[in-house]
$ cat structure-v5.txt   # compact mmCIF, N, CA and C atoms
# COMPACT_ATOMS: atom_id res chain seq x y z
N MET A 287 151.42 63.44 50.84
CA MET A 287 151.90 64.24 49.73
C MET A 287 151.28 63.71 48.44
N THR A 288 150.78 64.61 47.67
CA THR A 288 150.23 64.21 46.38
C THR A 288 151.25 64.51 45.29
N HIS A 289 151.16 63.77 44.23
CA HIS A 289 152.05 64.04 43.09
C HIS A 289 151.19 64.17 41.85
N ASN A 290 151.70 64.92 40.90
CA ASN A 290 150.92 65.19 39.69
C ASN A 290 151.38 64.41 38.48
N SER A 291 152.62 63.92 38.48
CA SER A 291 153.14 63.21 37.32
C SER A 291 154.16 62.19 37.75
N ASP A 292 154.19 61.07 37.04
CA ASP A 292 155.21 60.04 37.25
C ASP A 292 156.16 60.05 36.07
N TRP A 293 157.43 59.97 36.36
CA TRP A 293 158.48 59.91 35.34
C TRP A 293 159.33 58.68 35.63
N GLN A 294 159.72 57.96 34.60
CA GLN A 294 160.72 56.92 34.78
C GLN A 294 162.07 57.61 34.91
N ARG A 295 162.99 57.02 35.66
CA ARG A 295 164.27 57.69 35.94
C ARG A 295 165.01 58.09 34.65
N HIS A 296 165.11 57.18 33.70
CA HIS A 296 165.85 57.50 32.46
C HIS A 296 165.20 58.66 31.71
N GLU A 297 163.86 58.72 31.75
CA GLU A 297 163.14 59.81 31.11
C GLU A 297 163.40 61.13 31.86
N ALA A 298 163.36 61.08 33.17
CA ALA A 298 163.58 62.28 33.98
C ALA A 298 165.01 62.80 33.81
N GLU A 299 165.97 61.90 33.72
CA GLU A 299 167.37 62.32 33.52
C GLU A 299 167.53 63.04 32.18
N ALA A 300 166.87 62.53 31.15
CA ALA A 300 166.98 63.13 29.82
C ALA A 300 166.20 64.44 29.72
N ARG A 301 165.19 64.61 30.59
CA ARG A 301 164.31 65.77 30.49
C ARG A 301 164.25 66.52 31.83
N ILE A 302 165.39 66.63 32.51
CA ILE A 302 165.44 67.19 33.86
C ILE A 302 164.83 68.59 33.94
N GLN A 303 165.07 69.43 32.94
CA GLN A 303 164.51 70.79 32.97
C GLN A 303 162.99 70.74 32.98
N GLU A 304 162.40 69.82 32.22
CA GLU A 304 160.94 69.68 32.19
C GLU A 304 160.41 69.20 33.54
N VAL A 305 161.14 68.28 34.17
CA VAL A 305 160.73 67.78 35.49
C VAL A 305 160.73 68.94 36.50
N LEU A 306 161.80 69.73 36.50
CA LEU A 306 161.89 70.85 37.43
C LEU A 306 160.83 71.91 37.16
N ASP A 307 160.63 72.24 35.89
CA ASP A 307 159.60 73.21 35.53
C ASP A 307 158.21 72.73 35.93
N ALA A 308 157.94 71.44 35.73
CA ALA A 308 156.65 70.87 36.10
C ALA A 308 156.45 70.91 37.60
N ALA A 309 157.50 70.63 38.37
CA ALA A 309 157.39 70.69 39.83
C ALA A 309 157.07 72.10 40.29
N LYS A 310 157.66 73.07 39.63
CA LYS A 310 157.41 74.48 39.98
C LYS A 310 156.00 74.90 39.60
N ALA A 311 155.55 74.50 38.42
CA ALA A 311 154.25 74.96 37.90
C ALA A 311 153.07 74.12 38.38
N ARG A 312 153.26 72.81 38.53
CA ARG A 312 152.11 71.93 38.77
C ARG A 312 152.19 71.12 40.06
N GLY A 313 153.30 71.21 40.77
CA GLY A 313 153.40 70.46 42.02
C GLY A 313 154.36 69.29 41.91
N THR A 314 154.41 68.52 42.96
CA THR A 314 155.37 67.43 43.10
C THR A 314 155.36 66.47 41.93
N GLN A 315 156.55 66.15 41.46
CA GLN A 315 156.75 65.18 40.38
C GLN A 315 157.42 63.94 40.97
N ARG A 316 156.94 62.77 40.63
CA ARG A 316 157.50 61.52 41.13
C ARG A 316 158.38 60.90 40.05
N VAL A 317 159.62 60.61 40.43
CA VAL A 317 160.57 59.93 39.53
C VAL A 317 160.75 58.52 40.08
N VAL A 318 160.37 57.54 39.26
CA VAL A 318 160.39 56.15 39.69
C VAL A 318 161.70 55.50 39.27
N ASP A 319 162.36 54.87 40.25
CA ASP A 319 163.63 54.19 40.07
C ASP A 319 163.41 52.72 40.40
N THR A 320 164.31 51.85 40.00
CA THR A 320 164.15 50.43 40.29
C THR A 320 164.17 50.14 41.79
N ASP A 321 164.82 50.99 42.58
CA ASP A 321 164.93 50.78 44.02
C ASP A 321 163.93 51.59 44.84
N GLY A 322 163.15 52.43 44.20
CA GLY A 322 162.22 53.28 44.94
C GLY A 322 161.78 54.45 44.10
N ARG A 323 161.62 55.60 44.75
CA ARG A 323 161.17 56.78 44.01
C ARG A 323 161.77 58.04 44.62
N PHE A 324 161.78 59.08 43.81
CA PHE A 324 162.16 60.43 44.23
C PHE A 324 160.92 61.30 44.06
N ASP A 325 160.63 62.14 45.03
CA ASP A 325 159.57 63.12 44.90
C ASP A 325 160.24 64.47 44.73
N VAL A 326 160.08 65.08 43.56
CA VAL A 326 160.71 66.36 43.24
C VAL A 326 159.69 67.45 43.54
N THR A 327 160.02 68.31 44.52
CA THR A 327 159.11 69.36 44.97
C THR A 327 159.81 70.70 44.91
N PHE A 328 159.14 71.70 44.39
CA PHE A 328 159.66 73.06 44.36
C PHE A 328 159.29 73.77 45.66
N VAL A 329 160.28 74.39 46.29
CA VAL A 329 160.05 75.18 47.50
C VAL A 329 160.56 76.59 47.22
N PRO A 330 159.66 77.59 47.21
CA PRO A 330 160.10 78.96 46.92
C PRO A 330 161.15 79.42 47.93
N GLY A 331 162.14 80.17 47.43
CA GLY A 331 163.21 80.64 48.28
C GLY A 331 162.84 81.85 49.11
N LYS A 332 161.98 82.68 48.61
CA LYS A 332 161.59 83.90 49.33
C LYS A 332 160.07 83.99 49.36
N ARG A 333 159.59 84.55 50.42
CA ARG A 333 158.14 84.74 50.57
C ARG A 333 157.86 86.21 50.84
N THR A 334 156.73 86.66 50.36
CA THR A 334 156.34 88.05 50.61
C THR A 334 155.75 88.16 52.01
N LEU A 335 155.64 89.38 52.50
CA LEU A 335 155.01 89.59 53.81
C LEU A 335 153.57 89.08 53.82
N GLU A 336 152.87 89.29 52.72
CA GLU A 336 151.49 88.81 52.64
C GLU A 336 151.42 87.29 52.81
N GLU A 337 152.33 86.56 52.15
CA GLU A 337 152.35 85.11 52.28
C GLU A 337 152.68 84.68 53.71
N LEU A 338 153.64 85.36 54.32
CA LEU A 338 154.03 85.01 55.69
C LEU A 338 152.91 85.24 56.68
N PHE A 339 152.23 86.39 56.57
CA PHE A 339 151.20 86.73 57.53
C PHE A 339 149.86 86.06 57.25
N SER A 340 149.72 85.41 56.11
CA SER A 340 148.48 84.71 55.81
C SER A 340 148.44 83.32 56.45
N ARG A 341 149.58 82.85 56.95
CA ARG A 341 149.64 81.54 57.60
C ARG A 341 149.39 81.70 59.10
N PRO A 342 148.66 80.77 59.70
CA PRO A 342 148.42 80.86 61.14
C PRO A 342 149.68 80.48 61.94
N GLY A 343 149.73 80.95 63.15
CA GLY A 343 150.81 80.56 64.06
C GLY A 343 152.05 81.40 63.91
N PRO A 344 153.09 81.05 64.70
CA PRO A 344 154.33 81.82 64.66
C PRO A 344 155.09 81.62 63.35
N LEU A 345 155.91 82.59 63.01
CA LEU A 345 156.73 82.49 61.80
C LEU A 345 157.94 81.62 62.08
N PRO A 346 158.24 80.66 61.20
CA PRO A 346 159.47 79.87 61.36
C PRO A 346 160.69 80.76 61.19
N ASP A 347 161.79 80.42 61.86
CA ASP A 347 163.02 81.20 61.80
C ASP A 347 163.64 81.23 60.42
N ASP A 348 163.41 80.20 59.59
CA ASP A 348 164.10 80.10 58.31
C ASP A 348 163.39 80.77 57.16
N ASP A 349 162.30 81.49 57.40
CA ASP A 349 161.58 82.16 56.32
C ASP A 349 162.30 83.44 55.92
N ASP A 350 162.48 83.61 54.61
CA ASP A 350 163.04 84.85 54.07
C ASP A 350 161.89 85.77 53.72
N ILE A 351 162.11 87.05 53.89
CA ILE A 351 161.07 88.03 53.64
C ILE A 351 161.54 88.99 52.56
N ASN A 352 160.70 89.23 51.55
CA ASN A 352 160.96 90.27 50.54
C ASN A 352 160.36 91.57 51.05
N LEU A 353 161.19 92.55 51.31
CA LEU A 353 160.67 93.84 51.77
C LEU A 353 160.56 94.81 50.64

$ encode --input "structure-v5.txt" --output "structure tokens"
Amino acid sequence: MTHNSDWQRHEAEARIQEVLDAAKARGTQRVVDTDGRFDVTFVPGKRTLEELFSRPGPLPDDDDINL
């Protein structure tokens, strides 16, 4: 997994909306804590038919489809 930005925990807590927006727009954001790290990743809730059929292999059961 690649990440695009590192945030210190106190900074991420104060700017949580920016962390979430960055994860959505630019990819995984890493929040560094004294005991480890959190990787904040945006996962779209719904996928279009085009997105589903563009992937190889069978469709997973948990995919939502926008009709």

$ atom_distance --input "structure-v5.txt" --atom1 "atom N of Ala308 of chain A" --atom2 "atom N of Gln294 of chain A"
13.6 Å

$ select_by_dssp --input "structure-v5.txt" --residues "chain A" --states "strand (DSSP E)" --output "list of chain:residue names"
A:Ser291, A:Asp292, A:Trp293, A:Gln294, A:Gln315, A:Arg316, A:Val317, A:Val318, A:Asp319, A:Gly322, A:Arg323, A:Phe324, A:Asp325, A:Val326, A:Arg333, A:Thr334, A:Ile351, A:Asn352

$ write_last_selection --input "structure-v5.txt" --atoms "N, CA and C atoms" --output "PDB file, keeping the file's coordinate frame"
ATOM      1  N   SER A 291     152.620  63.920  38.480  1.00  0.00           N
ATOM      2  CA  SER A 291     153.140  63.210  37.320  1.00  0.00           C
ATOM      3  C   SER A 291     154.160  62.190  37.750  1.00  0.00           C
ATOM      4  N   ASP A 292     154.190  61.070  37.040  1.00  0.00           N
ATOM      5  CA  ASP A 292     155.210  60.040  37.250  1.00  0.00           C
ATOM      6  C   ASP A 292     156.160  60.050  36.070  1.00  0.00           C
ATOM      7  N   TRP A 293     157.430  59.970  36.360  1.00  0.00           N
ATOM      8  CA  TRP A 293     158.480  59.910  35.340  1.00  0.00           C
ATOM      9  C   TRP A 293     159.330  58.680  35.630  1.00  0.00           C
ATOM     10  N   GLN A 294     159.720  57.960  34.600  1.00  0.00           N
ATOM     11  CA  GLN A 294     160.720  56.920  34.780  1.00  0.00           C
ATOM     12  C   GLN A 294     162.070  57.610  34.910  1.00  0.00           C
ATOM     13  N   GLN A 315     156.550  66.150  41.460  1.00  0.00           N
ATOM     14  CA  GLN A 315     156.750  65.180  40.380  1.00  0.00           C
ATOM     15  C   GLN A 315     157.420  63.940  40.970  1.00  0.00           C
ATOM     16  N   ARG A 316     156.940  62.770  40.630  1.00  0.00           N
ATOM     17  CA  ARG A 316     157.500  61.520  41.130  1.00  0.00           C
ATOM     18  C   ARG A 316     158.380  60.900  40.050  1.00  0.00           C
ATOM     19  N   VAL A 317     159.620  60.610  40.430  1.00  0.00           N
ATOM     20  CA  VAL A 317     160.570  59.930  39.530  1.00  0.00           C
ATOM     21  C   VAL A 317     160.750  58.520  40.080  1.00  0.00           C
ATOM     22  N   VAL A 318     160.370  57.540  39.260  1.00  0.00           N
ATOM     23  CA  VAL A 318     160.390  56.150  39.690  1.00  0.00           C
ATOM     24  C   VAL A 318     161.700  55.500  39.270  1.00  0.00           C
ATOM     25  N   ASP A 319     162.360  54.870  40.250  1.00  0.00           N
ATOM     26  CA  ASP A 319     163.630  54.190  40.070  1.00  0.00           C
ATOM     27  C   ASP A 319     163.410  52.720  40.400  1.00  0.00           C
ATOM     28  N   GLY A 322     163.150  52.430  44.200  1.00  0.00           N
ATOM     29  CA  GLY A 322     162.220  53.280  44.940  1.00  0.00           C
ATOM     30  C   GLY A 322     161.780  54.450  44.100  1.00  0.00           C
ATOM     31  N   ARG A 323     161.620  55.600  44.750  1.00  0.00           N
ATOM     32  CA  ARG A 323     161.170  56.780  44.010  1.00  0.00           C
ATOM     33  C   ARG A 323     161.770  58.040  44.620  1.00  0.00           C
ATOM     34  N   PHE A 324     161.780  59.080  43.810  1.00  0.00           N
ATOM     35  CA  PHE A 324     162.160  60.430  44.230  1.00  0.00           C
ATOM     36  C   PHE A 324     160.920  61.300  44.060  1.00  0.00           C
ATOM     37  N   ASP A 325     160.630  62.140  45.030  1.00  0.00           N
ATOM     38  CA  ASP A 325     159.570  63.120  44.900  1.00  0.00           C
ATOM     39  C   ASP A 325     160.240  64.470  44.730  1.00  0.00           C
ATOM     40  N   VAL A 326     160.080  65.080  43.560  1.00  0.00           N
ATOM     41  CA  VAL A 326     160.710  66.360  43.240  1.00  0.00           C
ATOM     42  C   VAL A 326     159.690  67.450  43.540  1.00  0.00           C
ATOM     43  N   ARG A 333     159.590  84.550  50.420  1.00  0.00           N
ATOM     44  CA  ARG A 333     158.140  84.740  50.570  1.00  0.00           C
ATOM     45  C   ARG A 333     157.860  86.210  50.840  1.00  0.00           C
ATOM     46  N   THR A 334     156.730  86.660  50.360  1.00  0.00           N
ATOM     47  CA  THR A 334     156.340  88.050  50.610  1.00  0.00           C
ATOM     48  C   THR A 334     155.750  88.160  52.010  1.00  0.00           C
ATOM     49  N   ILE A 351     162.110  87.050  53.890  1.00  0.00           N
ATOM     50  CA  ILE A 351     161.070  88.030  53.640  1.00  0.00           C
ATOM     51  C   ILE A 351     161.540  88.990  52.560  1.00  0.00           C
ATOM     52  N   ASN A 352     160.700  89.230  51.550  1.00  0.00           N
ATOM     53  CA  ASN A 352     160.960  90.270  50.540  1.00  0.00           C
ATOM     54  C   ASN A 352     160.360  91.570  51.050  1.00  0.00           C
TER      55      ASN A 352
END

$ residues_around --input "structure-v5.txt" --residues "Asp292 of chain A" --least-positions-apart "4" --cutoff "6 Å" --atoms "only N, CA and C atoms" --output "ChimeraX atom specification"
/A:315-318

$ residues_near_point --input "structure-v5.txt" --point "(154.8, 69.2, 42.9)" --cutoff "7 Å" --atoms "only C-alpha atoms" --output "PyMOL selection string"
chain A and resi 289-290+309-310+312-315+326-328

$ atom_distance --input "structure-v5.txt" --atom1 "atom CA of Asp319 of chain A" --atom2 "atom CA of Glu304 of chain A"
17.6 Å

$ atom_distance --input "structure-v5.txt" --atom1 "atom CA of Thr334 of chain A" --atom2 "atom CA of Ala311 of chain A"
18.4 Å

$ select_by_dssp --input "structure-v5.txt" --residues "chain A" --states "helix (DSSP H, G or I)" --output "mmCIF file with N, CA and C atoms, keeping the file's coordinate frame"
data_model
loop_
_atom_site.group_PDB
_atom_site.id
_atom_site.type_symbol
_atom_site.label_atom_id
_atom_site.label_comp_id
_atom_site.auth_asym_id
_atom_site.auth_seq_id
_atom_site.Cartn_x
_atom_site.Cartn_y
_atom_site.Cartn_z
ATOM 1 N N ARG A 295 162.990 57.020 35.660
ATOM 2 C CA ARG A 295 164.270 57.690 35.940
ATOM 3 C C ARG A 295 165.010 58.090 34.650
ATOM 4 N N HIS A 296 165.110 57.180 33.700
ATOM 5 C CA HIS A 296 165.850 57.500 32.460
ATOM 6 C C HIS A 296 165.200 58.660 31.710
ATOM 7 N N GLU A 297 163.860 58.720 31.750
ATOM 8 C CA GLU A 297 163.140 59.810 31.110
ATOM 9 C C GLU A 297 163.400 61.130 31.860
ATOM 10 N N ALA A 298 163.360 61.080 33.170
ATOM 11 C CA ALA A 298 163.580 62.280 33.980
ATOM 12 C C ALA A 298 165.010 62.800 33.810
ATOM 13 N N GLU A 299 165.970 61.900 33.720
ATOM 14 C CA GLU A 299 167.370 62.320 33.520
ATOM 15 C C GLU A 299 167.530 63.040 32.180
ATOM 16 N N ALA A 300 166.870 62.530 31.150
ATOM 17 C CA ALA A 300 166.980 63.130 29.820
ATOM 18 C C ALA A 300 166.200 64.440 29.720
ATOM 19 N N ILE A 302 165.390 66.630 32.510
ATOM 20 C CA ILE A 302 165.440 67.190 33.860
ATOM 21 C C ILE A 302 164.830 68.590 33.940
ATOM 22 N N GLN A 303 165.070 69.430 32.940
ATOM 23 C CA GLN A 303 164.510 70.790 32.970
ATOM 24 C C GLN A 303 162.990 70.740 32.980
ATOM 25 N N GLU A 304 162.400 69.820 32.220
ATOM 26 C CA GLU A 304 160.940 69.680 32.190
ATOM 27 C C GLU A 304 160.410 69.200 33.540
ATOM 28 N N VAL A 305 161.140 68.280 34.170
ATOM 29 C CA VAL A 305 160.730 67.780 35.490
ATOM 30 C C VAL A 305 160.730 68.940 36.500
ATOM 31 N N LEU A 306 161.800 69.730 36.500
ATOM 32 C CA LEU A 306 161.890 70.850 37.430
ATOM 33 C C LEU A 306 160.830 71.910 37.160
ATOM 34 N N ASP A 307 160.630 72.240 35.890
ATOM 35 C CA ASP A 307 159.600 73.210 35.530
ATOM 36 C C ASP A 307 158.210 72.730 35.930
ATOM 37 N N ALA A 308 157.940 71.440 35.730
ATOM 38 C CA ALA A 308 156.650 70.870 36.100
ATOM 39 C C ALA A 308 156.450 70.910 37.600
ATOM 40 N N ALA A 309 157.500 70.630 38.370
ATOM 41 C CA ALA A 309 157.390 70.690 39.830
ATOM 42 C C ALA A 309 157.070 72.100 40.290
ATOM 43 N N LYS A 310 157.660 73.070 39.630
ATOM 44 C CA LYS A 310 157.410 74.480 39.980
ATOM 45 C C LYS A 310 156.000 74.900 39.600
ATOM 46 N N ALA A 311 155.550 74.500 38.420
ATOM 47 C CA ALA A 311 154.250 74.960 37.900
ATOM 48 C C ALA A 311 153.070 74.120 38.380
ATOM 49 N N ARG A 312 153.260 72.810 38.530
ATOM 50 C CA ARG A 312 152.110 71.930 38.770
ATOM 51 C C ARG A 312 152.190 71.120 40.060
ATOM 52 N N LEU A 335 155.640 89.380 52.500
ATOM 53 C CA LEU A 335 155.010 89.590 53.810
ATOM 54 C C LEU A 335 153.570 89.080 53.820
ATOM 55 N N GLU A 336 152.870 89.290 52.720
ATOM 56 C CA GLU A 336 151.490 88.810 52.640
ATOM 57 C C GLU A 336 151.420 87.290 52.810
ATOM 58 N N GLU A 337 152.330 86.560 52.150
ATOM 59 C CA GLU A 337 152.350 85.110 52.280
ATOM 60 C C GLU A 337 152.680 84.680 53.710
ATOM 61 N N LEU A 338 153.640 85.360 54.320
ATOM 62 C CA LEU A 338 154.030 85.010 55.690
ATOM 63 C C LEU A 338 152.910 85.240 56.680
ATOM 64 N N PHE A 339 152.230 86.390 56.570
ATOM 65 C CA PHE A 339 151.200 86.730 57.530
ATOM 66 C C PHE A 339 149.860 86.060 57.250
#

$ axis_aligned_box --input "structure-v5.txt" --around "segment 294-305 of chain A" --padding-each-side "6 Å" --output "lines of an AutoDock Vina configuration file"
center_x = 163.6
center_y = 63.9
center_z = 33.1
size_x = 19.8
size_y = 25.9
size_z = 18.8

$ decode --input "structure-v5.txt" --residues "segment 304-323 of chain A" --atoms "N, CA and C atoms" --output "PDB file, in the first residue's frame"
ATOM      1  N   GLU A 304      -9.842  17.548   6.563  1.00  0.00           N
ATOM      2  CA  GLU A 304      -8.804  17.622   5.528  1.00  0.00           C
ATOM      3  C   GLU A 304      -8.182  16.253   5.274  1.00  0.00           C
ATOM      4  N   VAL A 305      -7.980  15.484   6.339  1.00  0.00           N
ATOM      5  CA  VAL A 305      -7.425  14.134   6.188  1.00  0.00           C
ATOM      6  C   VAL A 305      -8.374  13.275   5.349  1.00  0.00           C
ATOM      7  N   LEU A 306      -9.664  13.323   5.673  1.00  0.00           N
ATOM      8  CA  LEU A 306     -10.647  12.526   4.938  1.00  0.00           C
ATOM      9  C   LEU A 306     -10.768  12.978   3.489  1.00  0.00           C
ATOM     10  N   ASP A 307     -10.809  14.287   3.270  1.00  0.00           N
ATOM     11  CA  ASP A 307     -10.882  14.805   1.905  1.00  0.00           C
ATOM     12  C   ASP A 307      -9.645  14.421   1.091  1.00  0.00           C
ATOM     13  N   ALA A 308      -8.475  14.473   1.722  1.00  0.00           N
ATOM     14  CA  ALA A 308      -7.237  14.096   1.037  1.00  0.00           C
ATOM     15  C   ALA A 308      -7.236  12.618   0.686  1.00  0.00           C
ATOM     16  N   ALA A 309      -7.736  11.773   1.585  1.00  0.00           N
ATOM     17  CA  ALA A 309      -7.812  10.335   1.302  1.00  0.00           C
ATOM     18  C   ALA A 309      -8.724  10.072   0.111  1.00  0.00           C
ATOM     19  N   LYS A 310      -9.803  10.816   0.032  1.00  0.00           N
ATOM     20  CA  LYS A 310     -10.750  10.650  -1.076  1.00  0.00           C
ATOM     21  C   LYS A 310     -10.156  11.149  -2.391  1.00  0.00           C
ATOM     22  N   ALA A 311      -9.482  12.290  -2.354  1.00  0.00           N
ATOM     23  CA  ALA A 311      -8.975  12.921  -3.577  1.00  0.00           C
ATOM     24  C   ALA A 311      -7.613  12.393  -4.021  1.00  0.00           C
ATOM     25  N   ARG A 312      -6.729  12.084  -3.069  1.00  0.00           N
ATOM     26  CA  ARG A 312      -5.341  11.783  -3.429  1.00  0.00           C
ATOM     27  C   ARG A 312      -4.853  10.409  -3.001  1.00  0.00           C
ATOM     28  N   GLY A 313      -5.677   9.658  -2.284  1.00  0.00           N
ATOM     29  CA  GLY A 313      -5.243   8.324  -1.881  1.00  0.00           C
ATOM     30  C   GLY A 313      -4.946   8.244  -0.393  1.00  0.00           C
ATOM     31  N   THR A 314      -4.451   7.116   0.009  1.00  0.00           N
ATOM     32  CA  THR A 314      -4.231   6.790   1.418  1.00  0.00           C
ATOM     33  C   THR A 314      -3.408   7.839   2.143  1.00  0.00           C
ATOM     34  N   GLN A 315      -3.893   8.209   3.320  1.00  0.00           N
ATOM     35  CA  GLN A 315      -3.201   9.154   4.201  1.00  0.00           C
ATOM     36  C   GLN A 315      -2.713   8.392   5.425  1.00  0.00           C
ATOM     37  N   ARG A 316      -1.489   8.607   5.827  1.00  0.00           N
ATOM     38  CA  ARG A 316      -0.915   7.932   6.987  1.00  0.00           C
ATOM     39  C   ARG A 316      -0.933   8.883   8.179  1.00  0.00           C
ATOM     40  N   VAL A 317      -1.518   8.417   9.279  1.00  0.00           N
ATOM     41  CA  VAL A 317      -1.542   9.176  10.531  1.00  0.00           C
ATOM     42  C   VAL A 317      -0.606   8.459  11.497  1.00  0.00           C
ATOM     43  N   VAL A 318       0.444   9.166  11.906  1.00  0.00           N
ATOM     44  CA  VAL A 318       1.473   8.574  12.748  1.00  0.00           C
ATOM     45  C   VAL A 318       1.166   8.843  14.218  1.00  0.00           C
ATOM     46  N   ASP A 319       1.166   7.768  15.000  1.00  0.00           N
ATOM     47  CA  ASP A 319       0.891   7.805  16.430  1.00  0.00           C
ATOM     48  C   ASP A 319       2.146   7.309  17.148  1.00  0.00           C
ATOM     49  N   THR A 320       2.260   7.552  18.432  1.00  0.00           N
ATOM     50  CA  THR A 320       3.442   7.100  19.164  1.00  0.00           C
ATOM     51  C   THR A 320       3.553   5.579  19.192  1.00  0.00           C
ATOM     52  N   ASP A 321       2.434   4.870  19.071  1.00  0.00           N
ATOM     53  CA  ASP A 321       2.438   3.411  19.127  1.00  0.00           C
ATOM     54  C   ASP A 321       2.395   2.745  17.754  1.00  0.00           C
ATOM     55  N   GLY A 322       2.280   3.517  16.699  1.00  0.00           N
ATOM     56  CA  GLY A 322       2.175   2.928  15.365  1.00  0.00           C
ATOM     57  C   GLY A 322       1.609   3.931  14.386  1.00  0.00           C
ATOM     58  N   ARG A 323       0.783   3.428  13.467  1.00  0.00           N
ATOM     59  CA  ARG A 323       0.213   4.325  12.468  1.00  0.00           C
ATOM     60  C   ARG A 323      -1.178   3.852  12.068  1.00  0.00           C
TER      61      ARG A 323
END
